[in-house]
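Pasted below: protein-v9.pdb, PDB, C-alpha atoms, pLDDT in the B column.
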ATOM      1  CA  MET A 113      49.110 -14.994 -29.904  1.00 64.00           C
ATOM      2  CA  HIS A 114      48.250 -16.594 -26.557  1.00 87.00           C
ATOM      3  CA  ALA A 115      49.533 -20.147 -27.179  1.00 91.00           C
ATOM      4  CA  TYR A 116      53.019 -21.381 -28.034  1.00 93.00           C
ATOM      5  CA  LEU A 117      54.354 -24.847 -28.832  1.00 92.00           C
ATOM      6  CA  ILE A 118      58.066 -25.462 -28.226  1.00 91.00           C
ATOM      7  CA  ILE A 119      59.501 -28.495 -30.062  1.00 87.00           C
ATOM      8  CA  GLY A 120      62.826 -29.963 -28.934  1.00 83.00           C
ATOM      9  CA  THR A 121      64.479 -33.174 -27.791  1.00 71.00           C
ATOM     10  CA  ASN A 122      66.879 -31.607 -25.270  1.00 76.00           C
ATOM     11  CA  SER A 123      64.881 -31.132 -22.047  1.00 78.00           C
ATOM     12  CA  GLU A 124      67.226 -28.477 -20.635  1.00 83.00           C
ATOM     13  CA  GLU A 125      67.038 -26.390 -23.817  1.00 85.00           C
ATOM     14  CA  VAL A 126      63.250 -26.709 -23.825  1.00 87.00           C
ATOM     15  CA  LYS A 127      63.077 -25.569 -20.182  1.00 88.00           C
ATOM     16  CA  GLY A 128      65.336 -22.626 -20.956  1.00 89.00           C
ATOM     17  CA  SER A 129      63.221 -21.610 -23.932  1.00 91.00           C
ATOM     18  CA  SER A 130      60.056 -21.854 -21.825  1.00 92.00           C
ATOM     19  CA  ARG A 131      61.540 -19.557 -19.177  1.00 91.00           C
ATOM     20  CA  LYS A 132      62.739 -17.024 -21.773  1.00 92.00           C
ATOM     21  CA  LEU A 133      59.342 -16.999 -23.466  1.00 92.00           C
ATOM     22  CA  ALA A 134      57.577 -16.416 -20.120  1.00 92.00           C
ATOM     23  CA  GLU A 135      59.974 -13.539 -19.399  1.00 93.00           C
ATOM     24  CA  LYS A 136      59.246 -12.055 -22.833  1.00 92.00           C
ATOM     25  CA  LEU A 137      55.525 -12.286 -22.068  1.00 90.00           C
ATOM     26  CA  LYS A 138      56.216 -10.763 -18.616  1.00 92.00           C
ATOM     27  CA  ALA A 139      54.281 -13.652 -17.138  1.00 92.00           C
ATOM     28  CA  LYS A 140      54.812 -15.913 -14.156  1.00 93.00           C
ATOM     29  CA  ILE A 141      54.914 -19.647 -14.954  1.00 92.00           C
ATOM     30  CA  LEU A 142      52.289 -22.048 -13.628  1.00 91.00           C
ATOM     31  CA  GLU A 143      53.258 -25.620 -14.534  1.00 91.00           C
ATOM     32  CA  PHE A 144      50.344 -27.991 -15.027  1.00 90.00           C
ATOM     33  CA  PRO A 145      50.047 -31.560 -16.435  1.00 89.00           C
ATOM     34  CA  ILE A 146      47.273 -32.640 -18.823  1.00 88.00           C
ATOM     35  CA  SER A 147      48.265 -36.242 -19.414  1.00 82.00           C
ATOM     36  CA  LYS A 148      44.789 -37.433 -18.349  1.00 84.00           C
ATOM     37  CA  ILE A 149      41.258 -36.133 -18.957  1.00 87.00           C
ATOM     38  CA  SER A 150      40.782 -35.510 -15.206  1.00 89.00           C
ATOM     39  CA  GLU A 151      43.781 -33.147 -15.193  1.00 89.00           C
ATOM     40  CA  THR A 152      42.417 -31.272 -18.208  1.00 89.00           C
ATOM     41  CA  ARG A 153      39.105 -30.770 -16.405  1.00 89.00           C
ATOM     42  CA  GLU A 154      40.925 -29.530 -13.312  1.00 91.00           C
ATOM     43  CA  LEU A 155      42.864 -27.032 -15.439  1.00 89.00           C
ATOM     44  CA  ARG A 156      39.598 -25.894 -17.003  1.00 86.00           C
ATOM     45  CA  ASN A 157      38.201 -25.130 -13.531  1.00 88.00           C
ATOM     46  CA  ILE A 158      41.323 -23.181 -12.586  1.00 88.00           C
ATOM     47  CA  THR A 159      41.319 -21.061 -15.746  1.00 86.00           C
ATOM     48  CA  LYS A 160      37.679 -20.102 -15.134  1.00 83.00           C
ATOM     49  CA  LEU A 161      38.989 -17.978 -12.273  1.00 83.00           C
ATOM     50  CA  SER A 162      40.179 -14.463 -13.007  1.00 80.00           C
ATOM     51  CA  PHE A 163      43.951 -13.910 -13.033  1.00 84.00           C
ATOM     52  CA  ASN A 164      45.119 -10.485 -11.882  1.00 86.00           C
ATOM     53  CA  SER A 165      48.579 -10.717 -13.457  1.00 91.00           C
ATOM     54  CA  PRO A 166      49.904 -12.282 -16.694  1.00 92.00           C
ATOM     55  CA  THR A 167      50.317 -16.029 -16.208  1.00 92.00           C
ATOM     56  CA  ALA A 168      51.874 -18.560 -18.594  1.00 92.00           C
ATOM     57  CA  ILE A 169      50.512 -22.050 -18.051  1.00 92.00           C
ATOM     58  CA  LEU A 170      53.322 -24.464 -18.910  1.00 94.00           C
ATOM     59  CA  ILE A 171      52.237 -27.885 -20.168  1.00 92.00           C
ATOM     60  CA  ASN A 172      55.209 -30.170 -20.718  1.00 92.00           C
ATOM     61  CA  ASN A 173      55.186 -33.154 -23.094  1.00 89.00           C
ATOM     62  CA  VAL A 174      51.803 -32.465 -24.648  1.00 90.00           C
ATOM     63  CA  ASP A 175      52.741 -35.140 -27.217  1.00 84.00           C
ATOM     64  CA  GLU A 176      52.490 -37.751 -24.441  1.00 82.00           C
ATOM     65  CA  ALA A 177      48.979 -36.789 -23.318  1.00 84.00           C
ATOM     66  CA  THR A 178      46.062 -39.005 -24.288  1.00 82.00           C
ATOM     67  CA  GLU A 179      44.012 -37.923 -27.293  1.00 81.00           C
ATOM     68  CA  GLU A 180      40.961 -37.574 -25.046  1.00 85.00           C
ATOM     69  CA  ALA A 181      42.832 -35.194 -22.724  1.00 88.00           C
ATOM     70  CA  VAL A 182      44.204 -33.104 -25.596  1.00 87.00           C
ATOM     71  CA  ASN A 183      40.790 -32.794 -27.251  1.00 87.00           C
ATOM     72  CA  ALA A 184      39.312 -31.564 -23.962  1.00 89.00           C
ATOM     73  CA  PHE A 185      42.184 -29.089 -23.599  1.00 89.00           C
ATOM     74  CA  LEU A 186      41.385 -27.560 -27.010  1.00 88.00           C
ATOM     75  CA  LYS A 187      38.572 -25.546 -25.391  1.00 85.00           C
ATOM     76  CA  ASN A 188      41.201 -23.634 -23.425  1.00 84.00           C
ATOM     77  CA  LEU A 189      42.968 -22.616 -26.629  1.00 85.00           C
ATOM     78  CA  GLU A 190      39.733 -21.771 -28.430  1.00 84.00           C
ATOM     79  CA  GLU A 191      38.483 -19.523 -25.622  1.00 81.00           C
ATOM     80  CA  PRO A 192      41.472 -17.417 -24.492  1.00 77.00           C
ATOM     81  CA  GLN A 193      41.122 -15.851 -21.055  1.00 83.00           C
ATOM     82  CA  GLU A 194      42.489 -12.480 -20.031  1.00 85.00           C
ATOM     83  CA  ASN A 195      46.036 -12.598 -18.577  1.00 89.00           C
ATOM     84  CA  ILE A 196      46.482 -16.292 -19.481  1.00 91.00           C
ATOM     85  CA  SER A 197      48.798 -17.684 -22.137  1.00 92.00           C
ATOM     86  CA  TYR A 198      49.884 -21.262 -22.772  1.00 93.00           C
ATOM     87  CA  ILE A 199      53.352 -22.674 -23.348  1.00 93.00           C
ATOM     88  CA  LEU A 200      53.260 -26.278 -24.565  1.00 93.00           C
ATOM     89  CA  THR A 201      56.307 -28.465 -25.093  1.00 93.00           C
ATOM     90  CA  ALA A 202      56.812 -31.634 -27.147  1.00 89.00           C
ATOM     91  CA  SER A 203      59.752 -33.679 -28.375  1.00 81.00           C
ATOM     92  CA  SER A 204      58.221 -34.190 -31.819  1.00 77.00           C
ATOM     93  CA  LEU A 205      55.841 -32.093 -33.899  1.00 77.00           C
ATOM     94  CA  ALA A 206      54.614 -35.249 -35.639  1.00 72.00           C
ATOM     95  CA  ALA A 207      53.133 -36.571 -32.390  1.00 75.00           C
ATOM     96  CA  VAL A 208      51.064 -33.443 -31.658  1.00 82.00           C
ATOM     97  CA  LEU A 209      47.485 -33.270 -32.898  1.00 80.00           C
ATOM     98  CA  PRO A 210      47.077 -30.910 -35.883  1.00 79.00           C
ATOM     99  CA  THR A 211      44.238 -29.139 -34.039  1.00 83.00           C
ATOM    100  CA  ILE A 212      46.734 -28.123 -31.331  1.00 86.00           C
ATOM    101  CA  ILE A 213      49.431 -27.094 -33.818  1.00 86.00           C
ATOM    102  CA  SER A 214      47.009 -24.871 -35.748  1.00 84.00           C
ATOM    103  CA  ARG A 215      46.228 -22.875 -32.605  1.00 87.00           C
ATOM    104  CA  CYS A 216      49.828 -22.337 -31.507  1.00 88.00           C
ATOM    105  CA  GLN A 217      52.870 -20.430 -32.628  1.00 90.00           C
ATOM    106  CA  VAL A 218      55.412 -23.220 -33.156  1.00 89.00           C
ATOM    107  CA  ILE A 219      58.974 -22.662 -31.903  1.00 88.00           C
ATOM    108  CA  LYS A 220      61.460 -25.326 -32.983  1.00 83.00           C
ATOM    109  CA  ILE A 221      64.721 -25.840 -31.092  1.00 80.00           C
ATOM    110  CA  SER A 222      67.062 -27.241 -33.717  1.00 62.00           C
ATOM    111  CA  ASN A 223      69.206 -30.233 -32.881  1.00 51.00           C
ATOM    112  CA  LYS A 224      70.377 -31.076 -36.374  1.00 46.00           C
ATOM    113  CA  GLN A 225      72.816 -33.813 -35.441  1.00 41.00           C
ATOM    114  CA  ILE A 226      70.239 -35.841 -33.532  1.00 41.00           C
ATOM    115  CA  GLY A 227      67.538 -35.192 -36.146  1.00 44.00           C
ATOM    116  CA  LYS A 228      69.647 -36.477 -39.016  1.00 47.00           C
ATOM    117  CA  SER A 229      70.762 -39.652 -37.234  1.00 48.00           C
ATOM    118  CA  THR A 230      67.281 -40.603 -35.985  1.00 58.00           C
ATOM    119  CA  ASN A 231      65.700 -39.944 -39.377  1.00 66.00           C
ATOM    120  CA  LYS A 232      68.369 -42.053 -41.104  1.00 75.00           C
ATOM    121  CA  ASP A 233      67.646 -44.911 -38.684  1.00 82.00           C
ATOM    122  CA  ALA A 234      63.909 -44.571 -39.377  1.00 84.00           C
ATOM    123  CA  GLU A 235      64.471 -44.556 -43.149  1.00 85.00           C
ATOM    124  CA  LYS A 236      66.620 -47.712 -42.884  1.00 88.00           C
ATOM    125  CA  PHE A 237      63.956 -49.424 -40.778  1.00 90.00           C
ATOM    126  CA  LEU A 238      61.234 -48.763 -43.353  1.00 87.00           C
ATOM    127  CA  LYS A 239      63.350 -50.468 -46.035  1.00 89.00           C
ATOM    128  CA  LEU A 240      63.948 -53.670 -44.019  1.00 90.00           C
ATOM    129  CA  THR A 241      62.124 -56.945 -44.625  1.00 92.00           C
ATOM    130  CA  THR A 242      59.362 -57.914 -42.194  1.00 92.00           C
ATOM    131  CA  GLY A 243      61.670 -60.411 -40.476  1.00 92.00           C
ATOM    132  CA  GLU A 244      64.415 -57.807 -40.060  1.00 92.00           C
ATOM    133  CA  LYS A 245      61.911 -55.282 -38.691  1.00 92.00           C
ATOM    134  CA  LEU A 246      60.604 -57.790 -36.139  1.00 92.00           C
ATOM    135  CA  ALA A 247      64.168 -58.605 -35.036  1.00 92.00           C
ATOM    136  CA  LEU A 248      64.908 -54.912 -34.554  1.00 91.00           C
ATOM    137  CA  ILE A 249      61.790 -54.025 -32.559  1.00 92.00           C
ATOM    138  CA  ASP A 250      62.395 -57.064 -30.323  1.00 91.00           C
ATOM    139  CA  LYS A 251      65.214 -55.029 -28.756  1.00 88.00           C
ATOM    140  CA  ILE A 252      62.880 -52.157 -27.796  1.00 88.00           C
ATOM    141  CA  LYS A 253      61.493 -52.792 -24.315  1.00 84.00           C
ATOM    142  CA  ASP A 254      61.116 -49.297 -22.864  1.00 85.00           C
ATOM    143  CA  ARG A 255      57.844 -47.434 -23.530  1.00 85.00           C
ATOM    144  CA  GLY A 256      59.566 -44.059 -23.861  1.00 81.00           C
ATOM    145  CA  GLU A 257      62.058 -45.462 -26.368  1.00 85.00           C
ATOM    146  CA  ALA A 258      59.202 -47.070 -28.329  1.00 88.00           C
ATOM    147  CA  LYS A 259      57.280 -43.778 -28.531  1.00 86.00           C
ATOM    148  CA  ILE A 260      60.324 -41.866 -29.774  1.00 84.00           C
ATOM    149  CA  PHE A 261      61.004 -44.632 -32.316  1.00 88.00           C
ATOM    150  CA  VAL A 262      57.459 -44.434 -33.715  1.00 89.00           C
ATOM    151  CA  GLN A 263      57.551 -40.607 -33.694  1.00 83.00           C
ATOM    152  CA  ASN A 264      60.705 -40.693 -35.830  1.00 85.00           C
ATOM    153  CA  LEU A 265      58.983 -43.017 -38.303  1.00 89.00           C
ATOM    154  CA  ILE A 266      56.027 -40.611 -38.467  1.00 86.00           C
ATOM    155  CA  GLU A 267      58.348 -37.670 -39.182  1.00 81.00           C
ATOM    156  CA  VAL A 268      60.038 -39.534 -42.044  1.00 85.00           C
ATOM    157  CA  LEU A 269      56.689 -40.464 -43.595  1.00 85.00           C
ATOM    158  CA  HIS A 270      55.428 -36.882 -43.203  1.00 79.00           C
ATOM    159  CA  PHE A 271      58.482 -35.743 -45.157  1.00 78.00           C
ATOM    160  CA  ASN A 272      57.929 -38.454 -47.787  1.00 78.00           C
ATOM    161  CA  LEU A 273      54.272 -37.466 -48.103  1.00 77.00           C
ATOM    162  CA  LEU A 274      55.215 -33.875 -48.918  1.00 72.00           C
ATOM    163  CA  ASN A 275      57.938 -34.861 -51.369  1.00 74.00           C
ATOM    164  CA  SER A 276      56.547 -37.927 -53.129  1.00 69.00           C
ATOM    165  CA  ALA A 277      54.327 -37.712 -56.204  1.00 60.00           C
ATOM    166  CA  LYS A 278      53.571 -41.419 -56.700  1.00 64.00           C
ATOM    167  CA  THR A 279      52.937 -43.262 -53.426  1.00 71.00           C
ATOM    168  CA  LYS A 280      50.840 -40.798 -51.408  1.00 81.00           C
ATOM    169  CA  LEU A 281      47.995 -43.258 -50.701  1.00 84.00           C
ATOM    170  CA  LYS A 282      50.363 -45.906 -49.294  1.00 86.00           C
ATOM    171  CA  ILE A 283      52.148 -43.281 -47.178  1.00 86.00           C
ATOM    172  CA  VAL A 284      48.836 -41.990 -45.770  1.00 85.00           C
ATOM    173  CA  MET A 285      47.768 -45.551 -44.885  1.00 89.00           C
ATOM    174  CA  ASP A 286      51.130 -46.216 -43.198  1.00 90.00           C
ATOM    175  CA  LEU A 287      50.871 -42.923 -41.289  1.00 88.00           C
ATOM    176  CA  GLU A 288      47.471 -43.960 -39.947  1.00 89.00           C
ATOM    177  CA  ILE A 289      49.010 -47.229 -38.693  1.00 92.00           C
ATOM    178  CA  LEU A 290      51.904 -45.399 -37.007  1.00 91.00           C
ATOM    179  CA  ILE A 291      49.676 -42.776 -35.371  1.00 88.00           C
ATOM    180  CA  LYS A 292      47.373 -45.514 -34.062  1.00 89.00           C
ATOM    181  CA  THR A 293      50.427 -47.348 -32.654  1.00 92.00           C
ATOM    182  CA  LEU A 294      51.665 -44.172 -30.977  1.00 87.00           C
ATOM    183  CA  ASN A 295      48.257 -43.508 -29.398  1.00 85.00           C
ATOM    184  CA  ASN A 296      48.090 -47.096 -28.127  1.00 88.00           C
ATOM    185  CA  LEU A 297      51.566 -46.745 -26.595  1.00 88.00           C
ATOM    186  CA  LYS A 298      50.436 -43.536 -24.877  1.00 82.00           C
ATOM    187  CA  SER A 299      47.426 -45.437 -23.523  1.00 83.00           C
ATOM    188  CA  ASN A 300      49.739 -48.018 -21.922  1.00 83.00           C
ATOM    189  CA  GLY A 301      49.239 -50.705 -24.556  1.00 85.00           C
ATOM    190  CA  ASN A 302      51.789 -53.552 -24.375  1.00 92.00           C
ATOM    191  CA  VAL A 303      54.995 -52.267 -26.004  1.00 91.00           C
ATOM    192  CA  GLN A 304      56.012 -55.424 -27.861  1.00 93.00           C
ATOM    193  CA  LEU A 305      52.442 -56.220 -28.950  1.00 93.00           C
ATOM    194  CA  GLN A 306      51.903 -52.723 -30.356  1.00 93.00           C
ATOM    195  CA  LEU A 307      55.228 -52.677 -32.230  1.00 94.00           C
ATOM    196  CA  THR A 308      54.665 -56.173 -33.621  1.00 94.00           C
ATOM    197  CA  ASN A 309      51.158 -55.274 -34.837  1.00 93.00           C
ATOM    198  CA  MET A 310      52.644 -52.119 -36.390  1.00 93.00           C
ATOM    199  CA  VAL A 311      55.263 -54.063 -38.355  1.00 93.00           C
ATOM    200  CA  ILE A 312      52.748 -56.616 -39.616  1.00 93.00           C
ATOM    201  CA  SER A 313      50.242 -53.885 -40.590  1.00 92.00           C
ATOM    202  CA  LEU A 314      52.865 -51.897 -42.500  1.00 88.00           C
ATOM    203  CA  GLU A 315      53.361 -54.718 -45.023  1.00 79.00           C
TER     204      GLU A 315
END

Have the structure of the file written as structure tokens, please.
Amino acid sequence: MHAYLIIGTNSEEVKGSSRKLAEKLKAKILEFPISKISETRELRNITKLSFNSPTAILINNVDEATEEAVNAFLKNLEEPQENISYILTASSLAAVLPTIISRCQVIKISNKQIGKSTNKDAEKFLKLTTGEKLALIDKIKDRGEAKIFVQNLIEVLHFNLLNSAKTKLKIVMDLEILIKTLNNLKSNGNVQLQLTNMVISLE
């Protein structure tokens, strides 16, 4: 395996796991962002060069990169180069494209207490009336907070999709709405406008 995806909400634990993994691979770490398509292209040019010693390219917060950038990055995972491995990190598996997940060994850092509380909040939100939902999202102003909020909703619906026998079509439709909202938030769409459209579309 030449690609690894570390999932965790605690940034220090994620950093520690990245370092330990690089040590296990006996590789030096080269940190590189791919939040934009231009950065992905730059990384592509760098990895065309030959590396004399094992190198782990660390890409933090791959779940925050644009879909265009991630799709361009896929070529790196599909065409592994000698002495190069990839360590990707993300706060939520639900926000990572399935094409990335399928090409990585996933390492989850458990934070059960946080997971349970955020999922409970997301479950409660989904059961609120439209008016109550709009009142709640009105308090979310920060883009980072909004992305985490939507990611938690996606995780709950993923769980419901796997465990529900009756309402799969509705869950799939709602997931599409949430994923579109998340992508728009990543692309700097207006936070309140995106969340409001999400709530209205979910009904």

Please write as a tab-separated table (two decimals) with C-alpha atoms, keeping the file's coordinate frame the full residue list that the PyMOL selection byres ((chain A and resi 170) around 8) yields on this file.
chain	number	residue	atom	x	y	z
A	130	SER	CA	60.06	-21.85	-21.82
A	141	ILE	CA	54.91	-19.65	-14.95
A	142	LEU	CA	52.29	-22.05	-13.63
A	143	GLU	CA	53.26	-25.62	-14.53
A	144	PHE	CA	50.34	-27.99	-15.03
A	168	ALA	CA	51.87	-18.56	-18.59
A	169	ILE	CA	50.51	-22.05	-18.05
A	171	ILE	CA	52.24	-27.88	-20.17
A	172	ASN	CA	55.21	-30.17	-20.72
A	198	TYR	CA	49.88	-21.26	-22.77
A	199	ILE	CA	53.35	-22.67	-23.35
A	200	LEU	CA	53.26	-26.28	-24.56
A	201	THR	CA	56.31	-28.46	-25.09

Which residue out of A:Thr167, A:Ser150, A:Thr211, A:Ser204 has the minimum interatomic distance to A:Phe261 when all atoms listed in the file are used?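 Looking at the shortest contact to A:Phe261, the residue is A:Ser204.
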
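Across the model, the gap from atom CA of A:Ala181 to atom CA of A:Ile146 is 6.4 Å.
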
Shell around stretch 301-308 of chain A at 7 Å using all atoms listed in the file, local window under 3 positions removed, as a list in words: Leu246, Ile249, Lys253, Arg255, Thr293, Asn296, Leu297, Val311 and Ile312 of chain A

Mind dumping the selected residues with C-alpha atoms as a PDB file, keeping the file's coordinate frame?
ATOM      1  CA  LEU A 246      60.604 -57.790 -36.139  1.00 92.00           C
ATOM      2  CA  ILE A 249      61.790 -54.025 -32.559  1.00 92.00           C
ATOM      3  CA  LYS A 253      61.493 -52.792 -24.315  1.00 84.00           C
ATOM      4  CA  ARG A 255      57.844 -47.434 -23.530  1.00 85.00           C
ATOM      5  CA  THR A 293      50.427 -47.348 -32.654  1.00 92.00           C
ATOM      6  CA  ASN A 296      48.090 -47.096 -28.127  1.00 88.00           C
ATOM      7  CA  LEU A 297      51.566 -46.745 -26.595  1.00 88.00           C
ATOM      8  CA  VAL A 311      55.263 -54.063 -38.355  1.00 93.00           C
ATOM      9  CA  ILE A 312      52.748 -56.616 -39.616  1.00 93.00           C
TER      10      ILE A 312
END

Which residues would end up in the selection if the PyMOL selection byres ((chain A and resi 147) around 8) were applied here, given that I need the answer as a PyMOL selection string? chain A and resi 145-146+148-149+151-152+174+176-178+181

Using the chain letters and numbers from the file, give me the residues hit by the PyMOL selection byres ((chain A and resi 221) around 12), as a list in words.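 On this input, the PyMOL selection byres ((chain A and resi 221) around 12) captures Leu117, Ile118, Ile119, Gly120, Thr121, Asn122, Ser123, Glu124, Glu125, Val126, Lys127, Gly128, Ser129, Ser130, Thr201, Ala202, Ser203, Ser204, Leu205, Val218, Ile219, Lys220, Ser222, Asn223, Lys224, Ile226 and Gly227 of chain A.
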
In Å, how far is it from atom CA of A:Leu238 to atom CA of A:Asn309?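 Pair atom CA of A:Leu238 / atom CA of A:Asn309 returns 14.7 Å.
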
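Nearest to A:Asn195 of all the residues A:Val208, A:Ala247, A:Ala115, A:Leu281 is A:Ala115, counting only C-alpha atoms.
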
How many Å separate atom CA of A:Ile283 from atom CA of A:Asn295?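 That distance, rounded to one decimal, is 18.2 Å.
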
Which polymer residues have any atom within 9 Å of an atom of A:Leu269, counting only C-alpha atoms, with same-chain residues fewer than 6 positions away left out, as number ranges by chain? A: 235, 283-284, 286-287

For the selection you just gave me, I'd like the residues written to a file as an mmCIF file, in the coordinates of the input, keeping C-alpha atoms.
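Printed below is part-v2.cif as written:
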data_model
loop_
_atom_site.group_PDB
_atom_site.id
_atom_site.type_symbol
_atom_site.label_atom_id
_atom_site.label_comp_id
_atom_site.auth_asym_id
_atom_site.auth_seq_id
_atom_site.Cartn_x
_atom_site.Cartn_y
_atom_site.Cartn_z
ATOM 1 C CA GLU A 235 64.471 -44.556 -43.149
ATOM 2 C CA ILE A 283 52.148 -43.281 -47.178
ATOM 3 C CA VAL A 284 48.836 -41.990 -45.770
ATOM 4 C CA ASP A 286 51.130 -46.216 -43.198
ATOM 5 C CA LEU A 287 50.871 -42.923 -41.289
#
